[in-house]
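Below is model.cif, which holds mmCIF, C-alpha atoms.
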```cif
data_protein
loop_
_atom_site.label_atom_id
_atom_site.label_comp_id
_atom_site.auth_asym_id
_atom_site.auth_seq_id
_atom_site.Cartn_x
_atom_site.Cartn_y
_atom_site.Cartn_z
CA LEU A 336 98.65 71.18 95.24
CA GLU A 337 100.55 71.56 91.97
CA GLU A 338 98.81 74.87 91.31
CA GLN A 339 99.74 76.14 94.78
CA LEU A 340 103.37 75.19 94.31
CA PHE A 341 103.40 76.81 90.86
CA LEU A 342 102.07 80.07 92.32
CA TYR A 343 104.64 80.07 95.13
CA ASP A 344 107.40 79.49 92.58
CA GLN A 345 106.12 82.30 90.35
CA THR A 346 105.93 84.62 93.35
CA ARG A 347 109.49 83.75 94.31
CA ARG A 348 110.63 84.50 90.74
CA LEU A 349 108.74 87.82 90.80
CA LYS A 350 110.33 88.79 94.10
CA GLU A 351 113.78 87.98 92.69
CA ALA A 352 113.00 90.02 89.57
CA LEU A 353 111.91 92.98 91.69
CA ARG A 354 115.17 92.82 93.63
CA GLY A 355 117.09 92.64 90.33
CA GLY A 356 115.25 95.65 88.95
CA ASP A 357 113.30 94.20 86.01
CA ALA A 358 109.86 92.79 86.71
CA THR A 359 108.41 93.70 83.30
CA PRO A 360 108.07 90.06 82.22
CA PHE A 361 105.57 89.64 85.05
CA GLN A 362 103.46 92.70 84.21
CA ILE A 363 100.30 92.45 82.13
CA GLY A 364 100.51 96.02 80.79
CA ASP A 365 97.13 96.09 79.07
CA ALA A 366 94.67 98.87 79.94
CA ASP A 367 91.82 96.82 78.46
CA VAL A 368 92.20 94.31 81.31
CA SER A 369 90.21 95.51 84.30
CA VAL A 370 90.54 94.73 87.99
CA ASN A 371 87.32 95.54 89.82
CA LEU A 372 87.49 95.97 93.59
CA LEU A 373 84.18 95.17 95.29
CA PHE A 374 84.63 95.37 99.05
CA LEU A 375 81.30 94.90 100.82
CA GLU A 376 83.05 95.02 104.16
CA ASP A 377 85.95 97.21 105.18
CA SER A 378 89.54 96.08 104.91
CA THR A 379 91.90 98.89 104.05
CA ARG A 380 95.06 96.75 104.01
CA THR A 381 93.61 94.06 101.73
CA LYS A 382 91.98 96.56 99.38
CA GLU A 383 95.15 98.65 99.06
CA SER A 384 97.23 95.51 98.47
CA PHE A 385 95.03 94.54 95.52
CA ARG A 386 94.91 98.11 94.21
CA ASN A 387 98.72 98.34 94.29
CA ALA A 388 99.08 94.92 92.64
CA ALA A 389 96.77 96.00 89.82
CA LYS A 390 98.71 99.24 89.37
CA PHE A 391 101.94 97.22 89.24
CA HIS A 392 100.43 95.21 86.39
CA ARG A 393 99.44 98.44 84.61
CA VAL A 394 95.81 97.42 84.15
CA THR A 395 92.67 99.47 84.69
CA VAL A 396 91.61 99.56 88.33
CA ASN A 397 87.95 100.20 89.19
CA GLU A 398 86.43 100.46 92.62
CA TYR A 399 82.72 99.99 93.08
CA ASN A 400 80.25 100.34 95.87
CA ALA A 401 77.77 97.50 95.43
CA LYS A 402 75.54 98.79 98.21
CA GLY A 403 73.07 100.49 95.86
CA ASN A 404 69.74 99.20 94.58
CA MET A 405 71.27 96.67 92.18
CA GLY A 406 72.13 93.25 93.57
CA LEU A 407 75.70 91.95 93.54
CA THR A 408 75.16 89.42 90.73
CA ASP A 409 73.57 92.05 88.47
CA THR A 410 76.32 94.55 89.32
CA VAL A 411 79.07 92.09 88.41
CA ARG A 412 77.24 91.01 85.24
CA MET A 413 76.96 94.67 84.18
CA LEU A 414 80.61 95.44 84.96
CA ALA A 415 81.82 92.32 83.14
CA GLY A 416 79.83 93.50 80.13
CA TYR A 417 81.71 96.83 80.18
CA SER A 418 85.02 95.03 79.86
CA ASN A 419 86.82 94.94 76.51
CA LYS A 420 88.94 91.96 77.48
CA GLN A 421 89.55 90.03 80.67
CA SER A 422 87.90 91.30 83.82
CA VAL A 423 88.99 90.33 87.31
CA PHE A 424 86.78 90.84 90.34
CA VAL A 425 88.30 91.05 93.81
CA LEU A 426 85.57 90.53 96.39
CA ARG A 427 85.46 90.95 100.14
CA THR A 428 82.11 90.07 101.65
CA LYS A 429 80.50 88.65 104.77
CA ALA A 430 78.69 86.02 102.68
CA GLU A 431 80.49 82.72 102.19
CA GLY A 432 81.08 81.25 98.72
CA VAL A 433 80.30 84.41 96.74
CA CYS A 434 83.19 84.01 94.28
CA LEU A 435 82.12 80.49 93.34
CA TRP A 436 78.50 81.62 92.99
CA LEU A 437 79.49 84.51 90.70
CA LYS A 438 81.83 82.35 88.63
CA ASN A 439 79.01 79.89 87.97
CA SER A 440 76.33 82.49 87.30
CA ILE A 441 78.34 85.07 85.28
CA GLY A 442 80.71 82.91 83.24
CA GLU A 443 78.07 81.77 80.75
CA THR A 444 76.78 85.32 80.26
CA ALA A 445 80.29 86.57 79.39
CA THR A 446 80.81 83.73 76.92
CA GLN A 447 77.50 84.56 75.21
CA GLN A 448 78.71 88.17 74.85
CA GLY A 449 81.96 87.00 73.26
CA LEU A 450 84.03 87.91 76.33
CA PRO A 451 86.28 85.66 78.35
CA PRO A 452 84.65 84.56 81.61
CA PRO A 453 85.66 86.91 84.41
CA SER A 454 88.06 85.77 87.11
CA PHE A 455 87.11 86.06 90.78
CA LEU A 456 89.53 86.49 93.67
CA ASN A 457 88.33 85.88 97.19
CA ALA A 458 89.68 88.66 99.44
CA GLY A 459 87.84 87.20 102.44
CA ASP A 460 84.33 85.85 102.76
CA GLY A 461 82.50 85.61 106.05
CA ARG A 462 83.98 83.12 108.50
CA HIS A 463 84.79 80.89 105.54
CA GLU A 464 88.12 81.82 103.97
CA HIS A 465 90.81 84.38 103.37
CA PRO A 466 92.93 82.60 100.74
CA THR A 467 95.02 85.61 99.75
CA GLN A 468 96.19 86.07 103.35
CA GLU A 469 96.92 82.36 103.54
CA PHE A 470 98.95 82.56 100.34
CA LEU A 471 101.12 85.26 101.92
CA ASP A 472 101.47 83.23 105.13
CA GLU A 473 102.55 80.06 103.31
CA PHE A 474 104.93 81.98 101.06
CA SER A 475 106.53 83.51 104.17
CA PHE A 476 106.85 80.08 105.81
CA LEU A 477 108.47 78.61 102.72
CA GLU A 478 110.81 81.53 102.33
CA GLN A 479 111.92 81.30 105.96
CA LEU A 480 112.45 77.54 105.59
CA ARG A 481 114.49 78.10 102.39
CA TRP A 482 111.80 76.30 100.39
CA ASP A 483 112.08 73.07 102.39
CA ARG A 484 108.50 71.75 102.58
CA THR A 485 109.27 68.67 104.66
CA SER A 486 108.22 70.21 107.95
CA ILE A 487 106.23 73.30 108.85
CA HIS A 488 105.46 73.72 112.55
CA LEU A 489 103.11 76.41 113.78
CA ALA A 490 100.61 77.11 116.51
CA LEU A 491 97.20 78.61 115.78
CA VAL A 492 95.81 80.76 118.58
CA GLY A 493 92.84 83.06 118.97
CA ASP A 494 89.25 82.66 117.83
CA LEU A 495 89.75 79.77 115.42
CA PHE A 496 86.03 79.29 114.83
CA HIS A 497 85.42 82.82 113.56
CA GLY A 498 88.84 83.48 112.05
CA ARG A 499 88.79 83.24 108.27
CA THR A 500 92.50 82.67 107.80
CA VAL A 501 92.49 79.46 109.84
CA HIS A 502 89.97 77.91 107.45
CA SER A 503 92.22 78.74 104.51
CA LYS A 504 95.25 77.46 106.38
CA VAL A 505 93.92 73.91 106.12
CA ASP A 506 94.31 74.09 102.34
CA GLY A 507 97.55 76.04 102.47
CA LEU A 508 99.33 73.56 104.71
CA LYS A 509 98.75 70.74 102.24
CA ILE A 510 102.09 71.75 100.71
CA SER A 511 103.82 70.07 103.67
CA PRO A 512 103.47 66.38 104.53
CA PRO A 513 101.29 65.72 107.59
CA CYS A 514 103.02 65.61 110.94
CA VAL A 515 101.34 64.13 113.99
CA SER A 516 102.63 64.98 117.44
CA THR A 517 101.51 63.38 120.67
#
```
Let me see the file written as structure tokens.
Amino acid sequence: LEEQLFLYDQTRRLKEALRGGDATPFQIGDADVSVNLLFLEDSTRTKESFRNAAKFHRVTVNEYNAKGNMGLTDTVRMLAGYSNKQSVFVLRTKAEGVCLWLKNSIGETATQQGLPPPSFLNAGDGRHEHPTQEFLDEFSFLEQLRWDRTSIHLALVGDLFHGRTVHSKVDGLKISPPCVST
């Protein structure tokens, strides 16, 4: 919960800085840091959002098609090995839990090579989660409520079983105290 609140606060500060004209304190600005986009299922809006965010940070942006003969774990291990510094992998896949799997299986390899363990961002995985969309939703709720977390009321409609954002919403709504209505 503290990490979520920290990220919302940082995002609010970034948005204020962008409105004020100087967001440089938020930019990484290091071409040796790489953001690797691995989208194993289509999502133009999500992919372009991450590409634009990486460009904002002035880091190297790579896009890969992991549909070749090499498996995903081997592809990520190879790409992490190409990195001079920190590597970030943004993954969109139909398989659930891929980011956690890769973090556990690749982190040790990177450390053995003298590199920092790569970071993994879940851009949607199967019916499981879509945490980046949930982050945007919660940020929008908080902004509309002028950062008052005491009460967030919303209705979830549609295919809740197959919708990935609803699964992430359970975690996202932890920022507000529970409210039971009868």
Which residues of stretch 336-373 of chain A come within 9 Å of stretch 466-471 of chain A, and for each one, what is the closest pair of atoms and their distance in Å to one decimal, counting all atoms listed in the file, sorted by chain and residue number, as CSV?
```
residue,atom,partner,partner_atom,distance
A:Gln339,CA,A:Phe470,CA,8.5
A:Leu342,CA,A:Phe470,CA,9.0
A:Tyr343,CA,A:Phe470,CA,8.1
```
Item to complete: Measuring atom to atom with all atoms listed in the file, identify which of A:Asp409, A:Asp367, A:Glu338, A:Glu376 is nearest to A:Thr395.
Response: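 That would be A:Asp367, the residue with the smallest distance to A:Thr395.
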Note to self: For the provided coordinates, the residues matched by the PyMOL selection byres ((chain A and resi 449) around 12) should be stated as a list in words.
What the structure shows: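 On the file shown, the PyMOL selection byres ((chain A and resi 449) around 12) covers Ala415, Gly416, Ser418, Asn419, Lys420, Gln421, Gly442, Glu443, Thr444, Ala445, Thr446, Gln447, Gln448, Leu450, Pro451, Pro452 and Pro453 of chain A.
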Under the rule that all atoms listed in the file are counted, which of A:Lys509, A:Asp472, A:Phe391, A:Gly432 is the nearest residue to A:Leu353?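 Looking at the shortest contact to A:Leu353, the residue is A:Phe391.
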Q: Evaluate the PyMOL selection byres ((chain A and resi 366) around 8) and record the selected residues as a ChimeraX atom specification, following the chain and residue labels used in the document.
A: /A:364-365,367-369,393-395
Checklist entry - What does the PyMOL selection byres ((chain A and resi 426) around 10) select in this file, as a PyMOL selection string? => result chain A and resi 371-376+382+423-425+427-429+433-434+455-460
